[in-house]
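One file, my_file_14.csv, is given below (CSV, C-alpha atoms and all ligand atoms).
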```csv
chain,number,residue,atom,x,y,z
O,19,MET,CA,46.1,-7.6,-19.8
O,20,THR,CA,45.2,-4.0,-19.4
O,21,GLU,CA,45.9,-1.9,-16.4
O,22,THR,CA,42.3,-2.1,-15.3
O,23,ASP,CA,41.8,-5.8,-15.9
O,24,PRO,CA,40.0,-6.9,-12.8
O,25,SER,CA,41.9,-10.1,-12.8
O,26,GLY,CA,45.2,-8.3,-12.6
O,27,ASP,CA,47.0,-9.1,-9.4
O,28,ALA,CA,48.1,-5.5,-9.0
O,29,LEU,CA,44.6,-4.2,-9.1
O,30,LYS,CA,43.3,-6.9,-6.7
O,31,GLU,CA,46.0,-5.8,-4.3
O,32,PHE,CA,45.0,-2.2,-4.8
O,33,ASP,CA,41.3,-3.0,-4.2
O,34,ALA,CA,42.2,-4.7,-1.0
O,35,ALA,CA,44.5,-1.9,0.1
O,36,ILE,CA,41.9,0.9,-0.4
O,37,ARG,CA,39.3,-1.2,1.6
O,38,THR,CA,41.4,-0.4,4.7
O,39,ASP,CA,40.8,3.3,4.0
O,40,HIS,CA,37.1,2.5,3.5
O,41,MET,CA,37.0,3.2,-0.2
O,42,VAL,CA,36.1,1.1,-3.2
O,43,GLY,CA,36.9,1.6,-6.9
O,44,GLN,CA,33.9,2.1,-9.1
O,45,TRP,CA,35.3,-0.4,-11.6
O,46,THR,CA,34.1,-3.1,-9.2
O,47,PHE,CA,30.5,-2.0,-9.7
O,48,GLU,CA,30.3,-3.6,-13.1
O,49,PRO,CA,28.2,-6.6,-11.8
O,50,ILE,CA,25.7,-4.1,-10.3
O,51,LEU,CA,25.3,-2.3,-13.6
O,52,GLU,CA,25.0,-5.6,-15.6
O,53,ALA,CA,22.3,-6.8,-13.2
O,54,ALA,CA,20.4,-3.5,-13.7
O,55,THR,CA,20.5,-3.7,-17.5
O,56,GLY,CA,16.8,-4.1,-18.4
O,57,GLY,CA,15.6,-2.8,-15.0
O,58,PRO,CA,15.5,-4.0,-11.5
O,59,THR,CA,15.1,-7.7,-10.5
O,60,PRO,CA,11.8,-8.0,-8.6
O,61,ARG,CA,12.5,-7.9,-4.9
O,62,GLY,CA,10.6,-10.9,-3.4
O,63,THR,CA,8.0,-13.1,-5.1
O,64,GLY,CA,4.3,-13.0,-5.7
O,65,HIS,CA,2.5,-14.6,-2.8
O,66,VAL,CA,-1.0,-15.2,-1.4
O,67,TRP,CA,-1.9,-15.4,2.3
O,68,PRO,CA,-5.2,-17.2,2.4
O,69,TRP,CA,-7.8,-15.7,4.7
O,70,LYS,CA,-8.6,-19.0,6.4
O,71,THR,CA,-5.0,-19.4,7.5
O,72,ALA,CA,-4.5,-15.8,8.5
O,73,ARG,CA,-7.7,-15.6,10.6
O,74,ALA,CA,-7.0,-18.9,12.3
O,75,ARG,CA,-3.5,-17.8,13.2
O,76,LEU,CA,-4.8,-14.5,14.5
O,77,ALA,CA,-7.2,-16.3,16.8
O,78,GLU,CA,-4.3,-18.5,18.0
O,79,ALA,CA,-2.1,-15.4,18.5
O,80,SER,CA,-4.8,-13.7,20.5
O,81,LYS,CA,-5.2,-16.7,22.8
O,82,THR,CA,-1.5,-17.3,23.2
O,83,LEU,CA,-0.6,-13.7,23.9
O,84,GLY,CA,-3.6,-13.2,26.3
O,85,PRO,CA,-3.9,-9.8,28.0
O,86,ALA,CA,-0.3,-9.1,27.1
O,87,GLY,CA,-1.3,-8.8,23.5
O,88,VAL,CA,-3.1,-5.5,23.9
O,89,GLY,CA,-2.3,-3.3,21.0
O,90,ARG,CA,0.2,-5.8,19.6
O,91,CYS,CA,-1.9,-8.7,18.4
O,92,ASN,CA,-0.8,-8.3,14.8
O,93,LEU,CA,0.6,-10.8,12.3
O,94,THR,CA,2.7,-9.3,9.6
O,95,PHE,CA,2.7,-11.1,6.2
O,96,LEU,CA,6.3,-11.9,5.2
O,97,ASN,CA,7.2,-12.2,1.6
O,98,PRO,CA,8.9,-15.6,1.2
O,99,GLY,CA,11.3,-14.2,-1.3
O,100,ILE,CA,12.6,-11.4,0.9
O,101,THR,CA,15.2,-12.8,3.3
O,102,GLN,CA,17.2,-9.7,4.1
O,103,GLY,CA,16.2,-6.2,5.3
O,104,PRO,CA,13.1,-5.1,7.2
O,105,PRO,CA,10.2,-7.5,7.4
O,106,GLY,CA,7.5,-7.0,4.8
O,107,SER,CA,5.1,-8.2,2.3
O,108,THR,CA,7.0,-6.3,-0.3
O,109,HIS,CA,10.3,-4.6,0.1
O,110,THR,CA,8.5,-1.3,1.0
O,111,ILE,CA,5.1,-2.3,2.3
O,112,ALA,CA,4.3,-4.4,5.4
O,113,ALA,CA,0.7,-5.7,5.5
O,114,GLY,CA,-0.8,-7.9,8.1
O,115,VAL,CA,-3.9,-8.6,10.1
O,116,GLN,CA,-4.6,-7.2,13.6
O,117,ILE,CA,-7.2,-8.1,16.1
O,118,MET,CA,-8.7,-6.0,18.8
O,119,ARG,CA,-10.5,-8.0,21.4
O,120,ALA,CA,-13.8,-7.0,23.0
O,121,HIS,CA,-13.6,-4.0,25.3
O,122,GLU,CA,-9.9,-3.5,24.4
O,123,VAL,CA,-8.1,-0.2,24.0
O,124,CYS,CA,-4.9,-0.3,22.0
O,125,TRP,CA,-2.6,2.2,23.6
O,126,SER,CA,-1.7,5.5,21.9
O,127,HIS,CA,1.5,6.0,20.1
O,128,ARG,CA,2.9,7.5,16.9
O,129,HIS,CA,5.7,6.8,14.4
O,130,THR,CA,7.1,8.1,11.2
O,131,MET,CA,5.9,5.0,9.4
O,132,SER,CA,2.6,6.0,7.6
O,133,ALA,CA,-0.1,3.5,8.3
O,134,LEU,CA,-3.6,2.7,7.2
O,135,ARG,CA,-6.3,0.3,8.3
O,136,PHE,CA,-8.8,-1.5,6.1
O,137,VAL,CA,-11.4,-2.9,8.4
O,138,ILE,CA,-12.3,-6.6,7.8
O,139,GLU,CA,-14.5,-7.3,10.9
O,140,GLY,CA,-15.8,-4.0,12.3
O,141,ASN,CA,-18.8,-2.2,13.6
O,142,ALA,CA,-20.2,1.3,14.0
O,143,GLU,CA,-19.1,1.5,17.6
O,144,ALA,CA,-15.5,0.6,17.3
O,145,PHE,CA,-13.1,3.5,16.5
O,146,THR,CA,-9.6,4.7,16.0
O,147,VAL,CA,-8.5,8.0,17.3
O,148,VAL,CA,-6.1,9.8,15.0
O,149,ASP,CA,-4.7,13.2,16.3
O,150,GLY,CA,-7.7,13.6,18.5
O,151,GLU,CA,-10.3,12.6,15.9
O,152,PRO,CA,-12.4,9.4,16.4
O,153,LEU,CA,-12.8,7.5,13.1
O,154,THR,CA,-15.4,4.8,13.0
O,155,MET,CA,-14.2,1.3,12.2
O,156,ASP,CA,-17.1,-0.1,10.2
O,157,ARG,CA,-16.7,-3.1,7.9
O,158,PHE,CA,-14.4,-2.3,4.9
O,159,ASP,CA,-13.8,1.3,5.9
O,160,LEU,CA,-10.4,2.7,5.2
O,161,LEU,CA,-8.7,4.8,8.0
O,162,LEU,CA,-5.5,6.7,7.5
O,163,THR,CA,-2.8,7.2,10.2
O,164,PRO,CA,-0.4,9.6,8.4
O,165,ARG,CA,3.2,9.7,9.5
O,166,PHE,CA,3.7,10.7,13.1
O,167,SER,CA,0.1,11.1,14.0
O,168,TRP,CA,-1.1,9.9,17.4
O,169,HIS,CA,-3.3,6.8,17.2
O,170,ASP,CA,-5.2,4.5,19.5
O,171,HIS,CA,-7.9,2.0,18.8
O,172,HIS,CA,-11.0,1.4,20.9
O,173,ASN,CA,-13.4,-1.5,20.9
O,174,PRO,CA,-16.3,-0.8,23.4
O,175,THR,CA,-18.3,-3.8,22.0
O,176,ASP,CA,-18.5,-7.5,22.8
O,177,GLU,CA,-17.3,-8.4,19.3
O,178,GLU,CA,-13.8,-8.7,18.0
O,179,VAL,CA,-12.5,-6.2,15.5
O,180,VAL,CA,-10.1,-7.2,12.8
O,181,TRP,CA,-8.4,-5.1,10.2
O,182,LEU,CA,-5.8,-5.3,7.5
O,183,ASP,CA,-2.9,-3.2,8.8
O,184,VAL,CA,-0.5,-1.7,6.2
O,185,LEU,CA,2.6,0.4,6.8
O,186,ASP,CA,5.4,1.7,4.6
O,187,LEU,CA,7.8,-0.1,6.9
O,188,GLY,CA,10.4,-1.3,4.5
O,189,LEU,CA,10.6,2.2,2.9
O,190,THR,CA,10.9,4.1,6.1
O,191,LEU,CA,13.3,1.7,7.7
O,192,GLY,CA,15.3,1.4,4.5
O,193,LEU,CA,15.8,5.1,4.5
O,194,ASN,CA,16.6,4.9,8.3
O,195,GLN,CA,13.9,7.4,9.1
O,196,ALA,CA,12.1,5.6,11.9
O,197,PHE,CA,10.9,7.7,14.9
O,198,TYR,CA,8.7,6.2,17.5
O,199,GLU,CA,7.0,7.6,20.5
O,200,PRO,CA,4.5,6.2,23.0
O,201,PHE,CA,1.9,8.7,24.2
O,202,GLY,CA,2.3,7.5,27.8
O,203,GLU,CA,-1.4,6.8,28.4
O,204,ALA,CA,-3.8,4.3,26.8
O,205,SER,CA,-5.9,7.1,25.2
O,206,GLN,CA,-5.1,10.5,23.8
O,207,PRO,CA,-7.5,13.4,24.3
O,208,GLN,CA,-10.3,13.6,21.8
O,209,HIS,CA,-11.7,16.7,20.1
O,210,PRO,CA,-14.8,17.7,22.0
O,211,SER,CA,-16.7,18.3,18.8
O,212,ALA,CA,-17.0,16.6,15.4
O,213,ALA,CA,-16.8,20.1,14.0
O,214,GLU,CA,-13.0,20.0,14.7
O,215,SER,CA,-12.5,17.0,12.3
O,216,GLN,CA,-10.3,17.3,9.3
O,217,GLY,CA,-12.7,15.1,7.4
O,218,LEU,CA,-15.4,17.7,7.8
O,219,ARG,CA,-13.0,20.4,6.8
O,220,ALA,CA,-12.0,18.4,3.7
O,221,ALA,CA,-15.6,17.9,2.6
O,222,SER,CA,-17.4,19.7,-0.2
O,223,LEU,CA,-18.4,22.5,2.2
O,224,ARG,CA,-15.4,24.0,3.9
O,225,PRO,CA,-14.9,26.8,6.5
O,226,VAL,CA,-14.2,30.1,4.8
O,227,TRP,CA,-12.1,31.4,7.8
O,228,GLU,CA,-9.3,28.9,7.5
O,229,ARG,CA,-6.9,27.4,5.0
O,230,PRO,CA,-7.5,23.6,4.7
O,231,ARG,CA,-4.7,21.4,6.0
O,232,GLN,CA,-3.3,19.4,3.0
O,233,GLU,CA,-1.2,16.9,4.7
O,234,ARG,CA,-1.4,14.4,7.5
O,235,LEU,CA,-5.1,14.3,7.4
O,236,PRO,CA,-6.9,11.9,9.7
O,237,ILE,CA,-9.3,10.6,7.1
O,238,ARG,CA,-11.9,7.8,7.0
O,239,TYR,CA,-13.2,6.6,3.7
O,240,PRO,CA,-16.5,4.8,4.5
O,241,TRP,CA,-17.0,1.7,2.5
O,242,ALA,CA,-20.7,2.7,1.9
O,243,ASP,CA,-19.4,5.7,-0.1
O,244,VAL,CA,-17.1,3.4,-2.1
O,245,VAL,CA,-20.0,1.1,-3.0
O,246,LYS,CA,-22.1,4.1,-4.1
O,247,THR,CA,-19.3,5.4,-6.3
O,248,LEU,CA,-18.6,2.0,-7.9
O,249,ALA,CA,-22.3,1.6,-8.6
O,250,ALA,CA,-22.3,5.0,-10.3
O,251,TYR,CA,-19.7,3.8,-12.8
O,252,GLY,CA,-22.2,1.1,-13.8
O,253,ASP,CA,-20.9,-1.3,-16.4
O,254,THR,CA,-17.7,0.7,-17.0
O,255,VAL,CA,-14.9,-1.8,-17.6
O,256,GLY,CA,-12.2,0.9,-16.8
O,257,ASP,CA,-8.6,0.1,-17.6
O,258,PRO,CA,-7.6,-3.0,-19.7
O,259,TYR,CA,-4.9,-3.8,-17.1
O,260,ASP,CA,-6.5,-2.9,-13.8
O,261,GLY,CA,-10.2,-2.9,-14.5
O,262,LEU,CA,-12.4,-0.4,-12.8
O,263,ALA,CA,-9.6,0.9,-10.5
O,264,LEU,CA,-10.3,4.0,-8.4
O,265,ARG,CA,-7.8,5.8,-6.2
O,266,TYR,CA,-8.6,6.9,-2.7
O,267,ALA,CA,-7.6,10.5,-3.2
O,268,ASN,CA,-6.4,13.0,-0.6
O,269,PRO,CA,-9.7,14.9,-0.3
O,270,VAL,CA,-8.0,18.3,-0.3
O,271,THR,CA,-5.3,18.0,-2.9
O,272,GLY,CA,-6.7,15.1,-5.0
O,273,GLY,CA,-3.2,13.7,-4.7
O,274,PRO,CA,-2.0,10.3,-3.3
O,275,THR,CA,-3.8,8.7,-0.3
O,276,LEU,CA,-0.6,9.2,1.6
O,277,PRO,CA,2.8,10.6,0.5
O,278,THR,CA,4.3,7.2,0.3
O,279,MET,CA,1.3,4.9,-0.5
O,280,ASP,CA,-1.7,5.1,-2.7
O,281,CYS,CA,-4.8,3.0,-2.0
O,282,TRP,CA,-7.1,1.7,-4.7
O,283,VAL,CA,-10.4,-0.1,-4.9
O,284,GLN,CA,-10.7,-2.3,-8.0
O,285,GLN,CA,-13.8,-3.9,-9.4
O,286,LEU,CA,-13.2,-6.6,-12.1
O,287,ALA,CA,-16.4,-7.5,-13.9
O,288,PRO,CA,-17.2,-11.2,-14.4
O,289,GLY,CA,-15.2,-12.4,-17.4
O,290,PHE,CA,-12.6,-9.6,-17.1
O,291,GLU,CA,-9.2,-10.8,-18.1
O,292,GLY,CA,-6.6,-8.1,-17.2
O,293,LEU,CA,-3.7,-7.7,-19.6
O,294,SER,CA,-0.2,-8.5,-18.2
O,295,HIS,CA,2.0,-5.6,-17.1
O,296,ARG,CA,4.7,-4.6,-14.7
O,297,ARG,CA,5.5,-1.5,-12.7
O,298,THR,CA,8.6,-0.4,-10.8
O,299,SER,CA,6.2,-0.1,-7.8
O,300,SER,CA,5.1,-3.0,-5.6
O,301,SER,CA,1.7,-3.6,-4.1
O,302,VAL,CA,-0.4,-5.6,-1.7
O,303,GLY,CA,-4.0,-6.5,-2.5
O,304,PHE,CA,-6.9,-7.7,-0.3
O,305,VAL,CA,-10.0,-9.4,-1.7
O,306,VAL,CA,-13.1,-7.7,-0.4
O,307,SER,CA,-15.6,-9.9,-2.3
O,308,GLY,CA,-15.8,-12.2,-5.2
O,309,HIS,CA,-13.4,-14.7,-6.6
O,310,GLY,CA,-10.7,-14.5,-9.2
O,311,ARG,CA,-7.1,-15.1,-10.2
O,312,VAL,CA,-3.8,-13.4,-9.7
O,313,GLU,CA,-0.8,-14.3,-11.8
O,314,VAL,CA,2.7,-13.1,-11.0
O,315,GLY,CA,5.5,-14.3,-13.3
O,316,ASP,CA,4.8,-18.0,-13.8
O,317,ASP,CA,2.8,-18.5,-10.7
O,318,THR,CA,-1.0,-18.5,-10.5
O,319,TRP,CA,-3.3,-18.4,-7.5
O,320,GLU,CA,-7.0,-18.6,-7.1
O,321,ILE,CA,-8.2,-15.8,-4.7
O,322,GLY,CA,-11.3,-15.3,-2.7
O,323,PRO,CA,-12.7,-13.1,0.1
O,324,GLY,CA,-10.2,-12.1,2.7
O,325,ASP,CA,-7.1,-13.4,0.8
O,326,THR,CA,-4.2,-11.0,0.7
O,327,PHE,CA,-1.6,-11.1,-2.1
O,328,ALA,CA,1.7,-9.4,-2.8
O,329,ILE,CA,3.0,-8.3,-6.2
O,330,PRO,CA,6.7,-7.4,-6.0
O,331,ASN,CA,8.2,-4.5,-7.9
O,332,TYR,CA,8.7,-4.8,-11.6
O,333,ALA,CA,7.2,-8.3,-11.8
O,334,TRP,CA,4.8,-9.1,-14.7
O,335,HIS,CA,1.4,-9.7,-13.3
O,336,ARG,CA,-2.3,-9.8,-14.2
O,337,LEU,CA,-5.6,-10.0,-12.4
O,338,SER,CA,-8.7,-11.6,-13.7
O,339,ASN,CA,-12.2,-12.7,-12.8
O,340,PRO,CA,-12.5,-15.5,-15.3
O,341,ASP,CA,-15.7,-17.1,-13.9
O,342,ASP,CA,-18.3,-15.1,-15.8
O,343,ALA,CA,-20.9,-17.8,-14.8
O,344,ALA,CA,-20.6,-16.5,-11.2
O,345,ALA,CA,-21.7,-13.1,-12.3
O,346,GLU,CA,-20.1,-11.6,-9.2
O,347,PRO,CA,-17.6,-8.8,-9.6
O,348,LEU,CA,-14.2,-9.3,-8.0
O,349,ARG,CA,-13.5,-6.4,-5.6
O,350,ILE,CA,-10.0,-5.7,-4.4
O,351,PHE,CA,-8.6,-3.2,-2.0
O,352,SER,CA,-4.9,-2.5,-2.7
O,353,VAL,CA,-2.0,-0.5,-1.6
O,354,HIS,CA,0.8,0.7,-3.9
O,355,ASP,CA,4.1,2.5,-3.2
O,356,ILE,CA,3.7,4.5,-6.4
O,357,PRO,CA,3.7,8.0,-4.7
O,358,ALA,CA,7.1,7.3,-3.1
O,359,LEU,CA,8.6,6.4,-6.5
O,360,THR,CA,6.9,9.2,-8.3
O,361,ALA,CA,8.4,11.7,-5.8
O,362,PHE,CA,11.8,10.4,-6.8
O,363,GLY,CA,11.0,10.2,-10.5
O,364,LEU,CA,11.4,6.5,-10.4
O,365,PHE,CA,7.9,5.3,-11.4
O,366,TYR,CA,7.7,3.5,-14.7
O,367,GLU,CA,5.5,0.8,-16.1
O,368,GLU,CA,5.4,-1.5,-19.0
O,369,PRO,CA,3.9,-1.5,-21.5
O,370,VAL,CA,4.6,2.2,-21.4
O,371,ARG,CA,1.2,3.6,-20.5
O,372,ALA,CA,1.5,5.5,-17.3
O,373,VAL,CA,-1.3,5.1,-14.8
O,374,ALA,CA,-3.9,7.8,-15.4
O,375,ALA,CA,-2.5,8.4,-18.9
O,376,HIS,CA,-6.0,8.4,-20.4
O,377,SER,CA,-8.0,11.6,-20.6
O,378,ALA,CA,-11.2,11.8,-18.6
O,379,PRO,CA,-14.2,11.6,-20.9
O,380,ALA,CA,-16.2,14.4,-22.4
O,381,VAL,CA,-13.9,17.4,-21.9
O,382,PRO,CA,-12.5,17.8,-25.4
O,383,GLY,CA,-9.7,20.4,-25.9
O,384,ILE,CA,-8.5,20.6,-22.3
O,385,PRO,CA,-4.9,19.4,-22.0
O,386,HIS,CA,-4.7,16.3,-19.8
O,387,LYS,CA,-1.9,16.2,-17.3
O,388,PRO,CA,-1.5,12.6,-16.3
O,389,TYR,CA,-1.1,12.2,-12.6
O,390,TYR,CA,1.7,9.6,-12.5
O,391,ARG,CA,3.4,10.1,-15.8
O,392,ASN,CA,7.1,10.1,-15.7
O,393,ASP,CA,8.6,11.5,-18.8
O,394,ALA,CA,12.1,11.1,-17.5
O,395,MET,CA,11.9,7.4,-17.9
O,396,LEU,CA,11.0,6.7,-21.4
O,397,ALA,CA,11.5,3.2,-22.7
O,398,GLN,CA,14.5,2.7,-24.9
O,399,GLY,CA,14.0,4.1,-28.3
O,400,GLU,CA,10.7,5.8,-27.4
O,401,THR,CA,10.3,9.4,-28.4
O,402,ARG,CA,7.7,11.6,-27.0
D,1,FE,FE,1.0,2.3,15.1
```
Would it be possible to restate this file's structure as structure tokens?
Amino acid sequence: MTETDPSGDALKEFDAAIRTDHMVGQWTFEPILEAATGGPTPRGTGHVWPWKTARARLAEASKTLGPAGVGRCNLTFLNPGITQGPPGSTHTIAAGVQIMRAHEVCWSHRHTMSALRFVIEGNAEAFTVVDGEPLTMDRFDLLLTPRFSWHDHHNPTDEEVVWLDVLDLGLTLGLNQAFYEPFGEASQPQHPSAAESQGLRAASLRPVWERPRQERLPIRYPWADVVKTLAAYGDTVGDPYDGLALRYANPVTGGPTLPTMDCWVQQLAPGFEGLSHRRTSSSVGFVVSGHGRVEVGDDTWEIGPGDTFAIPNYAWHRLSNPDDAAAEPLRIFSVHDIPALTAFGLFYEEPVRAVAAHSAPAVPGIPHKPYYRNDAMLAQGETR
């Protein structure tokens, strides 16, 4: 027996003794290091929340809560494999569905959790106000509520409005960085003119008299623009793993959608069989249209319109649209915690082929700087 043999009685006594001084010997961390050999164990499991169930439960919640549910009629999707820590669909991302009843105003507040809304049932008259800017909530529009921006939702119509609500809840709570503040009134003041909007300032034509704001932009990405862009790509298959996957870029910097989360739209052509891969990031996907299949580890789910699915971090997974007879592309909106990991130098994927590692076409000779590439985390034995 050596002096550091963990089975030694003297060491066990010492370990117990220093606990009373709130210390621990690093020699006891061996199990943590062993568990991390080969990378992290995925936190949580793959899971699908079918639209039919989610929508029905949302209607029940609305009825059960009654008027008391104003601004809070939201169901968060819980990953069945995450039993400790903040509630969430993955360990960093909490997705769910929220309903705003006819003629409802969801009271104004702000928090350090960054949030986004992908409208499922919307219309051109419903809107969310973000830092004074009204953003239309039409069907499949994406609206950003960056960290600590005031937001309230308005539904002046007779129809219900439903959206996919996504926050970096697990990340922010895990770092113990939650700040919350109610505005104190149902609605915040709105800019008197659309000319004040950051969306307009971030467009192709920008005011020459001011420097554009780069962060905390209240931005709406209309679905109509997404459809036009997807159409412009024509038959492009895109990436062998993710298909025709496009990032919702920060319109000023071209960087991530939000500092902690990136949003993608993916289009998988009929017959597309994505290759299996895994990333240190986790994600939540929402089926906009079409049908297909998601595989996470040994589990497989058939997915269709309105279904939401979770892919935990570092879990092998693949997406496919195997039914080429249907001739309908599978369109998915998804949210990834890649920017948070990239900021810490922790983003890595297997096979080693960082996202955006491919050069854009037809610009020979211009060095390509991959957006996500993390040279600090090469696979064992890889030289580059
Ligand atoms: Fe909020």
How would you report the residues lying within 9 Å of ligand FE 1 (chain D), as a compact mmCIF listing (two decimals) with C-alpha atoms, in the coordinates of the input, if you count all atoms listed in the file?
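Output saved as selection12.txt:
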```txt
# COMPACT_ATOMS: atom_id res chain seq x y z
CA GLY O 89 -2.30 -3.30 21.00
CA SER O 126 -1.70 5.50 21.90
CA HIS O 127 1.50 6.00 20.10
CA ARG O 128 2.90 7.50 16.90
CA HIS O 129 5.70 6.80 14.40
CA MET O 131 5.90 5.00 9.40
CA SER O 132 2.60 6.00 7.60
CA ALA O 133 -0.10 3.50 8.30
CA THR O 163 -2.80 7.20 10.20
CA SER O 167 0.10 11.10 14.00
CA TRP O 168 -1.10 9.90 17.40
CA HIS O 169 -3.30 6.80 17.20
CA ASP O 170 -5.20 4.50 19.50
CA LEU O 185 2.60 0.40 6.80
CA TYR O 198 8.70 6.20 17.50
```
Kindly assemble as JSON lines a list of the range 102-183 of chain O residues that lie within 12 Å of range 314-326 of chain O, each paired with its nearest atom pair and their distance in Å to one decimal, using only C-alpha atoms, sorted first by chain and then by ascending residue number.
```
{"residue": "O:Ser107", "atom": "CA", "partner": "O:Thr326", "partner_atom": "CA", "distance": 9.8}
{"residue": "O:Ala112", "atom": "CA", "partner": "O:Thr326", "partner_atom": "CA", "distance": 11.7}
{"residue": "O:Ala113", "atom": "CA", "partner": "O:Thr326", "partner_atom": "CA", "distance": 8.7}
{"residue": "O:Gly114", "atom": "CA", "partner": "O:Thr326", "partner_atom": "CA", "distance": 8.7}
{"residue": "O:Val115", "atom": "CA", "partner": "O:Thr326", "partner_atom": "CA", "distance": 9.7}
{"residue": "O:Phe136", "atom": "CA", "partner": "O:Gly324", "partner_atom": "CA", "distance": 11.2}
{"residue": "O:Val137", "atom": "CA", "partner": "O:Gly324", "partner_atom": "CA", "distance": 10.9}
{"residue": "O:Ile138", "atom": "CA", "partner": "O:Gly324", "partner_atom": "CA", "distance": 7.8}
{"residue": "O:Glu139", "atom": "CA", "partner": "O:Gly324", "partner_atom": "CA", "distance": 10.4}
{"residue": "O:Phe158", "atom": "CA", "partner": "O:Gly324", "partner_atom": "CA", "distance": 10.9}
{"residue": "O:Val180", "atom": "CA", "partner": "O:Gly324", "partner_atom": "CA", "distance": 11.2}
{"residue": "O:Trp181", "atom": "CA", "partner": "O:Gly324", "partner_atom": "CA", "distance": 10.4}
{"residue": "O:Leu182", "atom": "CA", "partner": "O:Thr326", "partner_atom": "CA", "distance": 9.0}
{"residue": "O:Asp183", "atom": "CA", "partner": "O:Thr326", "partner_atom": "CA", "distance": 11.3}
```
Item to check | Residue contacts of Pro236 in chain O (12 Å, all atoms listed in the file) excluding same-chain residues fewer than 6 positions away, as a ChimeraX atom specification | outcome: /O:132-135,146-154,160-169,214-220,268-270,275-276
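The residue that comes closest to His295 in chain O, out of O:Val226, O:Asp253, O:Gly64, O:Pro369 and on the basis of all atoms listed in the file, is O:Pro369.
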Item to check | Selection: 6 Å around Ser300 in chain O, only C-alpha atoms, excl. self and same-chain fewer than 4 positions, as a PyMOL selection string | outcome: chain O and resi 329-331+354
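For the atom pair formed by CA of Glu122 in chain O and CA of Arg75 in chain O, the distance is 19.3 Å, given to one decimal.
Closest approach to Leu248 in chain O among O:Gly103, O:Pro347, O:Gly292, O:Gly87: O:Pro347, based on all atoms listed in the file.
Here CA of Tyr239 in chain O is placed at a distance of 11.6 Å from CA of Ala221 in chain O.
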Can you fill out range 26-39 of chain O with N, CA and C atoms and hand it back as a short mmCIF file (atom, residue, chain, number, x, y, z; two decimals), in the frame of the given file?
```
data_model
loop_
_atom_site.label_atom_id
_atom_site.label_comp_id
_atom_site.auth_asym_id
_atom_site.auth_seq_id
_atom_site.Cartn_x
_atom_site.Cartn_y
_atom_site.Cartn_z
N GLY O 26 43.78 -8.62 -12.81
CA GLY O 26 45.20 -8.30 -12.60
C GLY O 26 45.53 -8.33 -11.09
N ASP O 27 46.63 -8.94 -10.78
CA ASP O 27 47.00 -9.10 -9.40
C ASP O 27 47.25 -7.70 -8.73
N ALA O 28 47.84 -6.79 -9.52
CA ALA O 28 48.10 -5.50 -9.00
C ALA O 28 46.85 -4.75 -8.57
N LEU O 29 45.83 -4.89 -9.43
CA LEU O 29 44.60 -4.20 -9.10
C LEU O 29 43.87 -4.87 -7.93
N LYS O 30 43.96 -6.20 -7.88
CA LYS O 30 43.30 -6.90 -6.70
C LYS O 30 43.99 -6.43 -5.42
N GLU O 31 45.28 -6.28 -5.47
CA GLU O 31 46.00 -5.80 -4.30
C GLU O 31 45.57 -4.39 -3.93
N PHE O 32 45.43 -3.58 -4.99
CA PHE O 32 45.00 -2.20 -4.80
C PHE O 32 43.61 -2.13 -4.17
N ASP O 33 42.70 -2.98 -4.75
CA ASP O 33 41.30 -3.00 -4.20
C ASP O 33 41.32 -3.35 -2.74
N ALA O 34 42.12 -4.32 -2.37
CA ALA O 34 42.20 -4.70 -1.00
C ALA O 34 42.77 -3.62 -0.11
N ALA O 35 43.77 -2.94 -0.67
CA ALA O 35 44.50 -1.90 0.10
C ALA O 35 43.52 -0.73 0.40
N ILE O 36 42.74 -0.30 -0.61
CA ILE O 36 41.90 0.90 -0.40
C ILE O 36 40.71 0.53 0.55
N ARG O 37 40.39 -0.75 0.66
CA ARG O 37 39.30 -1.20 1.60
C ARG O 37 39.71 -0.75 3.03
N THR O 38 41.00 -0.81 3.30
CA THR O 38 41.40 -0.40 4.70
C THR O 38 41.24 1.06 4.91
N ASP O 39 41.14 1.83 3.82
CA ASP O 39 40.80 3.30 4.00
C ASP O 39 39.34 3.53 3.74
#
```
